[in-house]
>>> print(open('query.csv').read())   # CSV, C-alpha atoms
chain,number,residue,atom,x,y,z
A,537,MET,CA,157.5,93.4,156.4
A,538,PRO,CA,157.5,94.3,152.7
A,539,ASP,CA,156.7,98.0,153.3
A,540,VAL,CA,160.0,98.9,154.9
A,541,SER,CA,163.0,100.9,153.6
A,542,TYR,CA,165.9,99.3,155.3
A,543,LEU,CA,168.8,101.7,155.8
A,544,ASP,CA,170.7,100.0,158.6
A,545,HIS,CA,173.1,97.8,156.6
A,546,ALA,CA,176.0,98.8,158.9
A,547,ALA,CA,174.2,97.0,161.7
A,548,THR,CA,173.5,93.9,159.6
A,549,THR,CA,172.7,93.3,155.9
A,550,PRO,CA,170.3,90.8,154.4
A,551,MET,CA,171.7,87.4,153.4
A,552,ARG,CA,172.6,86.9,149.8
A,553,PRO,CA,170.8,84.1,148.0
A,554,GLU,CA,174.2,82.5,147.2
A,555,ALA,CA,174.9,82.2,151.0
A,556,VAL,CA,171.4,80.7,151.7
A,557,ASP,CA,171.7,78.2,148.8
A,558,ALA,CA,175.1,77.1,150.0
A,559,MET,CA,173.8,76.5,153.6
A,560,VAL,CA,170.6,74.7,152.9
A,561,PRO,CA,172.0,71.3,152.1
A,562,TRP,CA,174.1,71.4,155.3
A,563,LEU,CA,171.1,72.5,157.3
A,564,ARG,CA,168.6,70.0,155.8
A,565,ASP,CA,170.4,66.9,154.5
A,566,LEU,CA,174.1,66.8,155.5
A,567,HIS,CA,175.2,66.6,159.1
A,568,GLY,CA,178.8,65.4,159.4
A,569,ASN,CA,181.2,66.7,161.9
A,570,PRO,CA,184.4,67.7,160.1
A,571,SER,CA,186.5,66.3,163.0
A,572,GLY,CA,185.2,62.8,162.3
A,573,SER,CA,186.5,60.1,160.0
A,574,HIS,CA,183.4,58.5,158.2
A,575,ARG,CA,182.2,59.6,154.8
A,576,LEU,CA,179.8,62.3,156.1
A,577,ALA,CA,182.5,63.7,158.3
A,578,ARG,CA,184.9,63.7,155.3
A,579,ALA,CA,182.4,65.5,153.2
A,580,ALA,CA,182.0,68.1,155.9
A,581,ARG,CA,185.7,68.6,156.1
A,582,ARG,CA,186.0,69.0,152.3
A,583,ALA,CA,183.3,71.7,152.5
A,584,VAL,CA,185.1,73.6,155.2
A,585,ASP,CA,188.4,73.3,153.4
A,586,ASP,CA,186.8,74.6,150.2
A,587,ALA,CA,185.3,77.5,152.1
A,588,ARG,CA,188.7,78.2,153.7
A,589,ASP,CA,190.4,78.3,150.3
A,590,ASP,CA,187.8,80.7,148.9
A,591,LEU,CA,188.1,83.1,151.8
A,592,ALA,CA,191.9,82.9,151.7
A,593,ASP,CA,191.8,84.1,148.1
A,594,LEU,CA,189.4,87.0,149.0
A,595,LEU,CA,191.4,88.0,152.1
A,596,GLY,CA,194.8,87.8,150.6
A,597,CYS,CA,196.2,85.1,152.9
A,598,ARG,CA,197.0,81.4,153.1
A,599,PRO,CA,194.1,79.0,153.9
A,600,GLY,CA,195.9,77.9,157.1
A,601,GLU,CA,196.1,81.5,158.3
A,602,ILE,CA,192.3,81.6,158.7
A,603,VAL,CA,190.7,81.0,162.1
A,604,PHE,CA,186.9,80.6,162.0
A,605,THR,CA,185.1,82.4,164.9
A,606,SER,CA,181.6,83.1,166.1
A,607,GLY,CA,181.8,86.6,164.6
A,608,GLY,CA,183.7,89.9,164.6
A,609,THR,CA,183.6,90.4,168.4
A,610,GLU,CA,185.3,87.0,169.1
A,611,ALA,CA,187.8,87.7,166.3
A,612,ASP,CA,188.7,91.0,167.8
A,613,ASN,CA,189.0,89.6,171.3
A,614,LEU,CA,191.1,86.7,170.1
A,615,ALA,CA,193.5,89.1,168.4
A,616,ILE,CA,193.9,91.3,171.4
A,617,PHE,CA,193.9,88.8,174.2
A,618,GLY,CA,195.7,86.2,172.1
A,619,ALA,CA,198.6,88.5,171.5
A,620,GLY,CA,199.6,87.9,175.1
A,621,VAL,CA,200.8,90.2,177.8
A,622,GLU,CA,204.4,89.1,177.3
A,623,ARG,CA,204.5,91.0,174.0
A,624,GLY,CA,203.6,94.3,175.6
A,625,VAL,CA,200.5,96.5,176.0
A,626,PRO,CA,197.9,97.0,173.3
A,627,VAL,CA,197.1,100.3,171.6
A,628,CYS,CA,193.9,101.1,169.6
A,629,SER,CA,192.2,104.2,168.1
A,630,ALA,CA,189.6,106.2,169.9
A,631,VAL,CA,187.0,105.4,167.2
A,632,ASP,CA,187.4,101.6,167.3
A,633,HIS,CA,184.4,99.4,168.1
A,634,HIS,CA,183.9,98.4,171.7
A,635,ALA,CA,184.9,94.9,170.7
A,636,VAL,CA,188.4,96.3,170.4
A,637,LEU,CA,188.3,99.2,172.9
A,638,ASP,CA,187.1,97.2,175.8
A,639,PRO,CA,189.7,94.4,175.5
A,640,VAL,CA,192.4,97.0,175.0
A,641,ARG,CA,191.3,98.8,178.2
A,642,ALA,CA,190.9,95.5,180.1
A,643,ARG,CA,194.6,94.8,179.3
A,644,GLY,CA,195.7,98.2,180.5
A,645,GLY,CA,196.3,99.5,176.9
A,646,ARG,CA,196.4,103.0,175.5
A,647,VAL,CA,194.1,104.9,173.0
A,648,MET,CA,195.3,107.2,170.2
A,649,GLY,CA,193.4,110.2,168.8
A,650,VAL,CA,191.9,110.9,165.4
A,651,ASP,CA,191.3,114.0,163.3
A,652,PRO,CA,187.8,115.5,162.8
A,653,SER,CA,187.2,113.1,159.9
A,654,GLY,CA,188.1,110.1,162.0
A,655,LEU,CA,191.5,109.5,160.4
A,656,ILE,CA,194.3,108.3,162.7
A,657,ASP,CA,196.4,111.1,164.0
A,658,LEU,CA,199.8,109.7,163.0
A,659,ASP,CA,201.7,112.1,165.3
A,660,ASP,CA,199.6,111.1,168.3
A,661,LEU,CA,200.1,107.4,167.3
A,662,GLU,CA,203.8,107.9,167.3
A,663,ARG,CA,203.7,109.7,170.7
A,664,VAL,CA,201.6,106.9,172.2
A,665,LEU,CA,203.8,104.2,170.8
A,666,ARG,CA,206.9,105.8,172.4
A,667,ASP,CA,205.2,106.6,175.7
A,668,ALA,CA,203.5,103.3,176.1
A,669,ALA,CA,206.6,101.1,175.4
A,670,PRO,CA,206.7,98.2,175.2
A,671,VAL,CA,203.8,98.0,172.8
A,672,GLY,CA,202.8,94.5,171.7
A,673,LEU,CA,199.8,95.1,169.4
A,674,VAL,CA,198.3,98.1,167.6
A,675,SER,CA,194.6,97.8,166.5
A,676,VAL,CA,193.1,100.1,163.9
A,677,LEU,CA,189.7,99.6,162.4
A,678,LEU,CA,189.8,99.6,158.6
A,679,ALA,CA,186.4,101.2,158.1
A,680,GLY,CA,184.4,102.9,160.8
A,681,ASN,CA,181.2,101.3,161.9
A,682,GLU,CA,179.6,104.6,162.8
A,683,VAL,CA,180.8,107.3,160.4
A,684,GLY,CA,182.5,105.1,157.8
A,685,THR,CA,186.0,106.5,157.7
A,686,VAL,CA,188.5,104.3,155.9
A,687,GLN,CA,192.0,104.2,157.4
A,688,ASP,CA,195.4,104.1,155.6
A,689,LEU,CA,196.9,101.0,157.2
A,690,ASP,CA,200.1,101.3,155.2
A,691,ALA,CA,200.8,104.6,157.0
A,692,VAL,CA,199.9,103.1,160.4
A,693,ARG,CA,202.2,100.1,159.7
A,694,ALA,CA,205.1,102.5,158.9
A,695,ALA,CA,204.6,104.3,162.2
A,696,VAL,CA,204.4,101.0,164.1
A,697,ASP,CA,207.6,99.6,162.5
A,698,ALA,CA,209.4,102.9,163.3
A,699,CYS,CA,208.3,103.4,166.9
A,700,ALA,CA,207.4,99.9,168.1
A,701,PRO,CA,209.2,97.3,166.0
A,702,GLY,CA,208.0,93.8,166.6
A,703,ALA,CA,204.5,94.9,167.5
A,704,LEU,CA,201.6,93.2,165.7
A,705,LEU,CA,199.1,95.2,163.7
A,706,HIS,CA,195.5,94.2,163.9
A,707,THR,CA,192.6,95.6,161.9
A,708,ASP,CA,188.9,95.2,162.5
A,709,ALA,CA,187.7,94.9,158.9
A,710,VAL,CA,184.2,94.0,159.8
A,711,GLN,CA,182.7,97.0,158.1
A,712,ALA,CA,185.2,97.1,155.3
A,713,PHE,CA,184.8,93.9,153.4
A,714,ALA,CA,181.7,94.9,151.5
A,715,TRP,CA,183.2,98.2,150.4
A,716,THR,CA,187.0,97.7,150.0
A,717,ASP,CA,189.3,95.0,148.6
A,718,ILE,CA,190.6,93.5,151.9
A,719,ALA,CA,193.4,91.6,150.2
A,720,THR,CA,194.9,95.0,149.2
A,721,ARG,CA,193.7,97.4,151.9
A,722,ALA,CA,194.6,95.1,154.8
A,723,ALA,CA,197.8,93.6,153.4
A,724,ALA,CA,199.9,95.5,156.0
A,725,ALA,CA,198.1,93.9,158.9
A,726,ASP,CA,199.2,90.8,160.8
A,727,LEU,CA,195.7,90.1,162.1
A,728,VAL,CA,192.4,90.8,160.3
A,729,SER,CA,188.9,90.4,161.7
A,730,ILE,CA,185.7,89.9,159.5
A,731,THR,CA,182.2,88.7,160.1
A,732,GLY,CA,179.6,87.3,157.8
A,733,HIS,CA,176.5,89.3,158.5
A,734,LYS,CA,178.0,92.6,157.4
A,735,PHE,CA,178.3,91.6,153.7
A,736,GLY,CA,175.5,89.1,153.1
A,737,GLY,CA,176.7,86.0,154.9
A,738,PRO,CA,175.0,84.5,158.0
A,739,MET,CA,175.1,85.9,161.5
A,740,GLY,CA,177.1,84.0,164.1
A,741,VAL,CA,180.2,83.3,162.0
A,742,GLY,CA,183.4,85.2,161.2
A,743,ALA,CA,187.1,84.8,160.9
A,744,LEU,CA,190.4,86.1,162.1
A,745,VAL,CA,193.4,86.1,159.7
A,746,VAL,CA,196.6,85.3,161.5
A,747,ARG,CA,199.4,85.9,159.1
A,748,GLU,CA,202.6,83.9,159.7
A,749,PRO,CA,204.9,84.3,161.5
A,750,ALA,CA,202.4,86.0,163.9
A,751,ALA,CA,201.0,83.7,166.5
A,752,ILE,CA,198.2,83.9,169.0
A,753,ALA,CA,197.2,82.0,172.2
A,754,PRO,CA,193.7,80.5,172.2
A,755,MET,CA,190.9,81.8,174.4
A,756,LEU,CA,188.8,78.6,173.9
A,757,LEU,CA,190.4,75.3,174.8
A,758,GLY,CA,189.0,71.8,174.1
A,759,GLY,CA,189.1,69.9,170.9
A,760,GLY,CA,192.0,71.7,169.3
A,761,GLN,CA,190.2,72.8,166.2
A,762,GLU,CA,191.6,75.6,164.0
A,763,ARG,CA,195.1,74.4,164.5
A,764,ASP,CA,194.7,74.7,168.3
A,765,ARG,CA,193.8,78.4,168.0
A,766,ARG,CA,190.1,78.1,168.6
A,767,SER,CA,188.5,75.0,169.9
A,768,GLY,CA,184.9,74.0,169.2
A,769,SER,CA,183.1,72.0,166.6
A,770,THR,CA,183.2,73.8,163.2
A,771,PRO,CA,179.7,75.1,162.2
A,772,VAL,CA,179.7,73.7,158.7
A,773,PRO,CA,176.5,75.5,157.4
A,774,ALA,CA,177.7,78.8,158.7
A,775,VAL,CA,181.2,78.5,157.3
A,776,VAL,CA,180.0,77.5,153.8
A,777,GLY,CA,177.5,80.4,154.0
A,778,LEU,CA,180.3,82.8,155.1
A,779,ALA,CA,182.4,81.9,152.1
A,780,ALA,CA,179.6,81.9,149.6
A,781,GLY,CA,178.4,85.3,150.8
A,782,ALA,CA,181.9,86.7,150.7
A,783,ARG,CA,182.4,85.4,147.1
A,784,ALA,CA,179.1,86.9,145.9
A,785,CYS,CA,179.9,90.2,147.6
A,786,ALA,CA,183.4,90.4,146.1
A,787,GLU,CA,182.2,89.6,142.6
A,788,GLU,CA,179.6,92.4,142.7
A,789,ARG,CA,181.6,94.8,144.8
A,790,LYS,CA,182.7,97.3,142.1
A,791,ALA,CA,179.3,97.6,140.6
A,792,THR,CA,177.6,97.8,144.0
A,793,ILE,CA,180.0,100.6,145.2
A,794,GLU,CA,179.3,102.7,142.1
A,795,ARG,CA,175.5,102.3,142.4
A,796,VAL,CA,175.4,102.7,146.2
A,797,ALA,CA,177.7,105.7,146.2
A,798,ALA,CA,175.4,107.6,143.9
A,799,LEU,CA,172.4,106.8,146.0
A,800,ARG,CA,174.3,107.8,149.2
A,801,ASP,CA,175.3,111.1,147.6
A,802,ARG,CA,171.7,111.8,146.6
A,803,LEU,CA,170.5,111.0,150.1
A,804,ALA,CA,173.1,113.0,151.9
A,805,ASP,CA,172.8,116.1,149.6
A,806,GLY,CA,169.0,116.0,149.8
A,807,LEU,CA,168.9,115.8,153.6
A,808,LEU,CA,171.4,118.6,154.0
A,809,ALA,CA,169.4,120.8,151.7
A,810,ALA,CA,166.1,120.0,153.3
A,811,ILE,CA,167.1,120.1,157.0
A,812,PRO,CA,168.3,123.5,158.3
A,813,GLY,CA,171.4,123.2,160.4
A,814,ALA,CA,172.1,119.6,159.6
A,815,VAL,CA,175.8,118.7,159.5
A,816,GLU,CA,177.5,115.8,157.7
A,817,THR,CA,179.8,114.0,160.0
A,818,ALA,CA,183.3,113.5,158.6
A,819,ASP,CA,184.6,114.1,155.1
A,820,ARG,CA,182.6,112.1,152.6
A,821,ALA,CA,185.8,111.6,150.5
A,822,HIS,CA,187.3,109.4,153.3
A,823,LYS,CA,184.2,107.2,153.8
A,824,VAL,CA,182.9,104.0,152.5
A,825,ALA,CA,180.3,104.4,149.8
A,826,SER,CA,177.4,103.3,152.0
A,827,ASN,CA,177.7,105.7,154.9
A,828,CYS,CA,175.4,108.7,155.4
A,829,HIS,CA,175.9,110.1,158.8
A,830,LEU,CA,174.4,113.4,159.9
A,831,CYS,CA,174.1,115.4,163.2
A,832,ILE,CA,170.9,117.3,163.4
A,833,PRO,CA,170.6,120.1,166.0
A,834,GLY,CA,167.4,120.5,167.9
A,835,VAL,CA,166.3,116.8,167.9
A,836,GLU,CA,166.9,113.8,170.1
A,837,ALA,CA,168.2,110.8,168.2
A,838,GLU,CA,166.0,108.1,169.7
A,839,ALA,CA,162.8,110.2,169.2
A,840,LEU,CA,163.8,110.7,165.6
A,841,LEU,CA,164.4,107.0,165.1
A,842,PHE,CA,161.0,106.2,166.6
A,843,LEU,CA,159.2,108.5,164.1
A,844,LEU,CA,161.2,107.1,161.2
A,845,ASP,CA,160.3,103.6,162.2
A,846,GLN,CA,156.6,104.5,162.3
A,847,GLU,CA,157.0,105.6,158.7
A,848,GLY,CA,158.8,102.4,157.7
A,849,VAL,CA,162.4,103.7,157.5
A,850,CYS,CA,164.9,101.6,159.5
A,851,ALA,CA,167.9,103.6,160.6
A,852,SER,CA,170.1,104.0,163.7
A,853,ALA,CA,171.8,106.7,165.7
A,854,ALA,CA,175.2,105.1,166.2
A,855,SER,CA,176.8,101.7,166.2
A,856,SER,CA,174.2,99.0,166.4
A,857,CYS,CA,175.8,97.8,169.7
A,858,ALA,CA,175.4,101.4,171.1
A,859,SER,CA,171.9,102.2,169.9
A,860,GLY,CA,169.6,102.8,172.8
A,861,ALA,CA,172.3,103.5,175.2
A,862,ALA,CA,172.1,106.7,177.3
A,863,GLU,CA,175.8,107.4,176.9
A,864,PRO,CA,177.0,109.7,174.0
A,865,SER,CA,178.8,108.1,171.1
A,866,HIS,CA,182.5,107.7,171.9
A,867,VAL,CA,183.2,108.0,168.1
A,868,LEU,CA,181.6,111.4,167.8
A,869,SER,CA,183.3,112.5,171.0
A,870,ALA,CA,186.7,111.5,169.5
A,871,LEU,CA,185.8,113.5,166.3
A,872,GLY,CA,185.2,116.6,168.5
A,873,VAL,CA,181.5,116.8,167.9
A,874,PRO,CA,179.8,118.8,170.7
A,875,PRO,CA,177.5,116.7,172.9
A,876,SER,CA,174.5,118.9,172.1
A,877,LEU,CA,175.0,118.2,168.3
A,878,ALA,CA,175.9,114.5,168.8
A,879,ALA,CA,172.6,114.0,170.6
A,880,GLY,CA,170.9,114.4,167.2
A,881,SER,CA,173.0,111.9,165.3
A,882,LEU,CA,171.5,109.8,162.5
A,883,ARG,CA,173.2,107.0,160.6
A,884,LEU,CA,171.6,105.9,157.4
A,885,SER,CA,173.7,103.0,156.0
A,886,LEU,CA,173.0,101.6,152.5
A,887,GLY,CA,173.8,98.2,151.1
A,888,TRP,CA,173.5,95.7,148.3
A,889,THR,CA,169.7,95.6,148.5
A,890,THR,CA,169.2,99.4,148.7
A,891,THR,CA,167.1,100.9,145.9
A,892,ALA,CA,166.3,104.4,144.6
A,893,ALA,CA,162.9,104.0,146.1
A,894,ASP,CA,164.4,103.5,149.6
A,895,VAL,CA,166.3,106.8,149.2
A,896,THR,CA,163.3,108.6,147.9
A,897,ARG,CA,161.3,107.4,150.9
A,898,ALA,CA,163.9,108.6,153.4
A,899,LEU,CA,164.0,112.0,151.7
A,900,GLU,CA,160.3,112.2,152.0
A,901,VAL,CA,160.2,111.0,155.7
A,902,VAL,CA,163.2,112.4,157.5
A,903,PRO,CA,162.8,116.2,157.0
A,904,PRO,CA,159.1,116.2,158.2
A,905,ALA,CA,160.1,114.1,161.2
A,906,VAL,CA,162.8,116.5,162.1
A,907,ALA,CA,160.4,119.5,161.7
A,908,ARG,CA,157.9,117.7,163.9
A,909,LEU,CA,160.4,117.2,166.7
A,910,ARG,CA,161.7,120.8,166.5
A,911,SER,CA,158.2,122.1,166.8
>>> encode(input="query.csv", output="structure tokens")
Amino acid sequence: MPDVSYLDHAATTPMRPEAVDAMVPWLRDLHGNPSGSHRLARAARRAVDDARDDLADLLGCRPGEIVFTSGGTEADNLAIFGAGVERGVPVCSAVDHHAVLDPVRARGGRVMGVDPSGLIDLDDLERVLRDAAPVGLVSVLLAGNEVGTVQDLDAVRAAVDACAPGALLHTDAVQAFAWTDIATRAAAADLVSITGHKFGGPMGVGALVVREPAAIAPMLLGGGQERDRRSGSTPVPAVVGLAAGARACAEERKATIERVAALRDRLADGLLAAIPGAVETADRAHKVASNCHLCIPGVEAEALLFLLDQEGVCASAASSCASGAAEPSHVLSALGVPPSLAAGSLRLSLGWTTTAADVTRALEVVPPAVARLRS
């Protein structure tokens, strides 16, 4: 579909050619299982080890601290359930992804509030930590999947150490890798989740960093792979694609951020000027460079997305996992956005393939679509 302006990178982003090129030999010609002992198995194990080394460098951890998973959801679940009930209850933020929120609630955990920009309310965090004692794990997403807010994990770490010493700090960095230096921004976290398809790697593969001396119990038992932390045959093509995509993303990150931030600002400013009553969600200064999130009164989000799709603009209303759901966004509710305004939410998320022509097209298409719905 060449005639499409894709502005849904927060849901998934196109694979980078470096990731595709790295995967092709393992999809077509090579087929060793890295758990074996013959030459093809040894070659596969070397490829996985090299990928682990590359990722460790990019994530600011040791190679042995990386656990490969099927993606961000499994990595989040492994962190929260793997921490174990014996450590204490888990705590997360009200704007976390459901891959964190639902496991926390399933374990009887607590949820802390945020301010109108989506930043963690540190006073509320300290209150929750004291009231919910003992707390075994605190989970805070590094960059929001819906409105793009970037959290200060150092401040969260300080609050955790003061009010719940010994509790692990986990961050869902799934949306953050493409737009921040994880090695620096997530250095305070004991556990870090990433997934490949958010930065140009393949779908179906991710990783959880488990920094020593933190330890987790496995959810999948069997062959004892990943140092007994996650059993299952290692998907060699996916793992090498994950590392190659991450490396290419990191090498271009600074230039991509500068280019995409300018496009995002042009898009957001243009839409705000062209659509009466439109409100930008959260403070742009606290967002990743790719996020343009608006709430538009007088329209229904799904109807707007349908019209945009007819005109070749791919967008979403909320998290890709929540799009199409009848329930209002839990993120916008946490930010204090009234339900009537949240009903007209629009997330336009840019990425490494976004062009000026994509932004121009959105500016040409979105305002008339809004006017049509309002009429």
>>> residues_around(input="query.csv", residues="range 622-634 of chain A", least_positions_apart="2", cutoff="9 Å", atoms="all atoms listed in the file", output="PDB file with C-alpha atoms, in the frame of the given file")
ATOM      1  CA  THR A 609     183.600  90.400 168.400  1.00  0.00           C
ATOM      2  CA  ILE A 616     193.900  91.300 171.400  1.00  0.00           C
ATOM      3  CA  ALA A 619     198.600  88.500 171.500  1.00  0.00           C
ATOM      4  CA  GLY A 620     199.600  87.900 175.100  1.00  0.00           C
ATOM      5  CA  VAL A 636     188.400  96.300 170.400  1.00  0.00           C
ATOM      6  CA  LEU A 637     188.300  99.200 172.900  1.00  0.00           C
ATOM      7  CA  ASP A 638     187.100  97.200 175.800  1.00  0.00           C
ATOM      8  CA  PRO A 639     189.700  94.400 175.500  1.00  0.00           C
ATOM      9  CA  VAL A 640     192.400  97.000 175.000  1.00  0.00           C
ATOM     10  CA  ARG A 641     191.300  98.800 178.200  1.00  0.00           C
ATOM     11  CA  ARG A 643     194.600  94.800 179.300  1.00  0.00           C
ATOM     12  CA  GLY A 644     195.700  98.200 180.500  1.00  0.00           C
ATOM     13  CA  GLY A 645     196.300  99.500 176.900  1.00  0.00           C
ATOM     14  CA  ARG A 646     196.400 103.000 175.500  1.00  0.00           C
ATOM     15  CA  VAL A 647     194.100 104.900 173.000  1.00  0.00           C
ATOM     16  CA  MET A 648     195.300 107.200 170.200  1.00  0.00           C
ATOM     17  CA  GLY A 649     193.400 110.200 168.800  1.00  0.00           C
ATOM     18  CA  VAL A 650     191.900 110.900 165.400  1.00  0.00           C
ATOM     19  CA  GLY A 654     188.100 110.100 162.000  1.00  0.00           C
ATOM     20  CA  ILE A 656     194.300 108.300 162.700  1.00  0.00           C
ATOM     21  CA  LEU A 661     200.100 107.400 167.300  1.00  0.00           C
ATOM     22  CA  VAL A 664     201.600 106.900 172.200  1.00  0.00           C
ATOM     23  CA  LEU A 665     203.800 104.200 170.800  1.00  0.00           C
ATOM     24  CA  ALA A 668     203.500 103.300 176.100  1.00  0.00           C
ATOM     25  CA  ALA A 669     206.600 101.100 175.400  1.00  0.00           C
ATOM     26  CA  PRO A 670     206.700  98.200 175.200  1.00  0.00           C
ATOM     27  CA  VAL A 671     203.800  98.000 172.800  1.00  0.00           C
ATOM     28  CA  GLY A 672     202.800  94.500 171.700  1.00  0.00           C
ATOM     29  CA  LEU A 673     199.800  95.100 169.400  1.00  0.00           C
ATOM     30  CA  VAL A 674     198.300  98.100 167.600  1.00  0.00           C
ATOM     31  CA  SER A 675     194.600  97.800 166.500  1.00  0.00           C
ATOM     32  CA  VAL A 676     193.100 100.100 163.900  1.00  0.00           C
ATOM     33  CA  LEU A 677     189.700  99.600 162.400  1.00  0.00           C
ATOM     34  CA  GLY A 680     184.400 102.900 160.800  1.00  0.00           C
ATOM     35  CA  ASN A 681     181.200 101.300 161.900  1.00  0.00           C
ATOM     36  CA  GLU A 682     179.600 104.600 162.800  1.00  0.00           C
ATOM     37  CA  GLY A 702     208.000  93.800 166.600  1.00  0.00           C
ATOM     38  CA  ALA A 703     204.500  94.900 167.500  1.00  0.00           C
ATOM     39  CA  ASP A 708     188.900  95.200 162.500  1.00  0.00           C
ATOM     40  CA  SER A 855     176.800 101.700 166.200  1.00  0.00           C
ATOM     41  CA  CYS A 857     175.800  97.800 169.700  1.00  0.00           C
ATOM     42  CA  HIS A 866     182.500 107.700 171.900  1.00  0.00           C
ATOM     43  CA  VAL A 867     183.200 108.000 168.100  1.00  0.00           C
ATOM     44  CA  LEU A 868     181.600 111.400 167.800  1.00  0.00           C
ATOM     45  CA  SER A 869     183.300 112.500 171.000  1.00  0.00           C
ATOM     46  CA  ALA A 870     186.700 111.500 169.500  1.00  0.00           C
ATOM     47  CA  LEU A 871     185.800 113.500 166.300  1.00  0.00           C
TER      48      LEU A 871
END
>>> residues_around(input="query.csv", residues="range 750-756 of chain A", least_positions_apart="6", cutoff="10 Å", atoms="all atoms listed in the file", output="MDAnalysis selection string")
chainID A and resid 601 610 613:620 702:705 726:727 762:768
>>> closest_residue(input="query.csv", among="A:Val902, A:Ala839, A:Val772, A:Leu844", to="Ala804 in chain A", atoms="all atoms listed in the file")
A:Val902
>>> residues_near_point(input="query.csv", point="(170.9, 100.6, 148.6)", cutoff="9 Å", atoms="all atoms listed in the file", output="PyMOL selection string")
chain A and resi 542-543+545+792+795-797+799-800+826+885-892+894-895
>>> atom_distance(input="query.csv", atom1="CA of Ala907 in chain A", atom2="CA of Gly684 in chain A")
26.7 Å
>>> residues_around(input="query.csv", residues="range 555-564 of chain A", least_positions_apart="3", cutoff="9 Å", atoms="all atoms listed in the file", output="PyMOL selection string")
chain A and resi 551-552+567-568+580+736-738+772-782+784
>>> atom_distance(input="query.csv", atom1="CA of His706 in chain A", atom2="CA of Ala547 in chain A")
21.6 Å
>>> residues_around(input="query.csv", residues="Ala821 in chain A", least_positions_apart="6", cutoff="12 Å", atoms="only C-alpha atoms", output="list in words")
Ser653, Gly654, Leu655, Val683, Gly684, Thr685, Val686, Gln687, Ala797, Asp801, Asn827 and Cys828 of chain A
>>> closest_residue(input="query.csv", among="A:Ala898, A:Leu595, A:Ala611, A:Leu877", to="Pro833 in chain A", atoms="all atoms listed in the file")
A:Leu877
>>> atom_distance(input="query.csv", atom1="CA of Gly608 in chain A", atom2="CA of Ala725 in chain A")
16.0 Å
>>> closest_residue(input="query.csv", among="A:Asp660, A:Asp544, A:Asp593, A:Asp690", to="Lys734 in chain A", atoms="only C-alpha atoms")
A:Asp544
>>> residues_around(input="query.csv", residues="Trp715 in chain A", least_positions_apart="3", cutoff="9 Å", atoms="only C-alpha atoms", output="list in words")
Ala679, Gln711, Ala712, Ile718, Phe735, Ala786, Arg789, Lys790, Thr792, Ile793, Val824, Ala825 and Ser826 of chain A
>>> write_last_selection(input="query.csv", atoms="C-alpha atoms", output="PDB file, in the coordinates of the input")
ATOM      1  CA  ALA A 679     186.400 101.200 158.100  1.00  0.00           C
ATOM      2  CA  GLN A 711     182.700  97.000 158.100  1.00  0.00           C
ATOM      3  CA  ALA A 712     185.200  97.100 155.300  1.00  0.00           C
ATOM      4  CA  ILE A 718     190.600  93.500 151.900  1.00  0.00           C
ATOM      5  CA  PHE A 735     178.300  91.600 153.700  1.00  0.00           C
ATOM      6  CA  ALA A 786     183.400  90.400 146.100  1.00  0.00           C
ATOM      7  CA  ARG A 789     181.600  94.800 144.800  1.00  0.00           C
ATOM      8  CA  LYS A 790     182.700  97.300 142.100  1.00  0.00           C
ATOM      9  CA  THR A 792     177.600  97.800 144.000  1.00  0.00           C
ATOM     10  CA  ILE A 793     180.000 100.600 145.200  1.00  0.00           C
ATOM     11  CA  VAL A 824     182.900 104.000 152.500  1.00  0.00           C
ATOM     12  CA  ALA A 825     180.300 104.400 149.800  1.00  0.00           C
ATOM     13  CA  SER A 826     177.400 103.300 152.000  1.00  0.00           C
TER      14      SER A 826
END
>>> decode(input="query.csv", residues="range 758-783 of chain A", atoms="C-alpha atoms", output="PDB file, in the first residue's frame")
ATOM      1  CA  GLY A 758      11.230 -26.705  30.497  1.00  0.00           C
ATOM      2  CA  GLY A 759      14.665 -26.671  28.908  1.00  0.00           C
ATOM      3  CA  GLY A 760      16.251 -24.194  31.311  1.00  0.00           C
ATOM      4  CA  GLN A 761      17.278 -21.649  28.670  1.00  0.00           C
ATOM      5  CA  GLU A 762      18.227 -18.078  29.604  1.00  0.00           C
ATOM      6  CA  ARG A 763      19.959 -19.298  32.763  1.00  0.00           C
ATOM      7  CA  ASP A 764      16.758 -21.032  33.927  1.00  0.00           C
ATOM      8  CA  ARG A 765      14.861 -17.731  33.842  1.00  0.00           C
ATOM      9  CA  ARG A 766      12.857 -18.387  30.653  1.00  0.00           C
ATOM     10  CA  SER A 767      12.676 -21.832  29.093  1.00  0.00           C
ATOM     11  CA  GLY A 768      12.052 -22.350  25.396  1.00  0.00           C
ATOM     12  CA  SER A 769      14.203 -22.761  22.280  1.00  0.00           C
ATOM     13  CA  THR A 770      15.862 -19.453  21.451  1.00  0.00           C
ATOM     14  CA  PRO A 771      14.410 -17.951  18.219  1.00  0.00           C
ATOM     15  CA  VAL A 772      17.747 -17.210  16.556  1.00  0.00           C
ATOM     16  CA  PRO A 773      16.416 -15.182  13.584  1.00  0.00           C
ATOM     17  CA  ALA A 774      14.329 -12.985  15.859  1.00  0.00           C
ATOM     18  CA  VAL A 775      17.150 -12.447  18.356  1.00  0.00           C
ATOM     19  CA  VAL A 776      19.703 -11.410  15.715  1.00  0.00           C
ATOM     20  CA  GLY A 777      17.071  -9.138  14.159  1.00  0.00           C
ATOM     21  CA  LEU A 778      16.341  -7.600  17.558  1.00  0.00           C
ATOM     22  CA  ALA A 779      20.004  -6.745  18.108  1.00  0.00           C
ATOM     23  CA  ALA A 780      20.558  -5.460  14.571  1.00  0.00           C
ATOM     24  CA  GLY A 781      17.473  -3.258  14.727  1.00  0.00           C
ATOM     25  CA  ALA A 782      18.508  -1.910  18.124  1.00  0.00           C
ATOM     26  CA  ARG A 783      22.015  -1.090  16.906  1.00  0.00           C
TER      27      ARG A 783
END
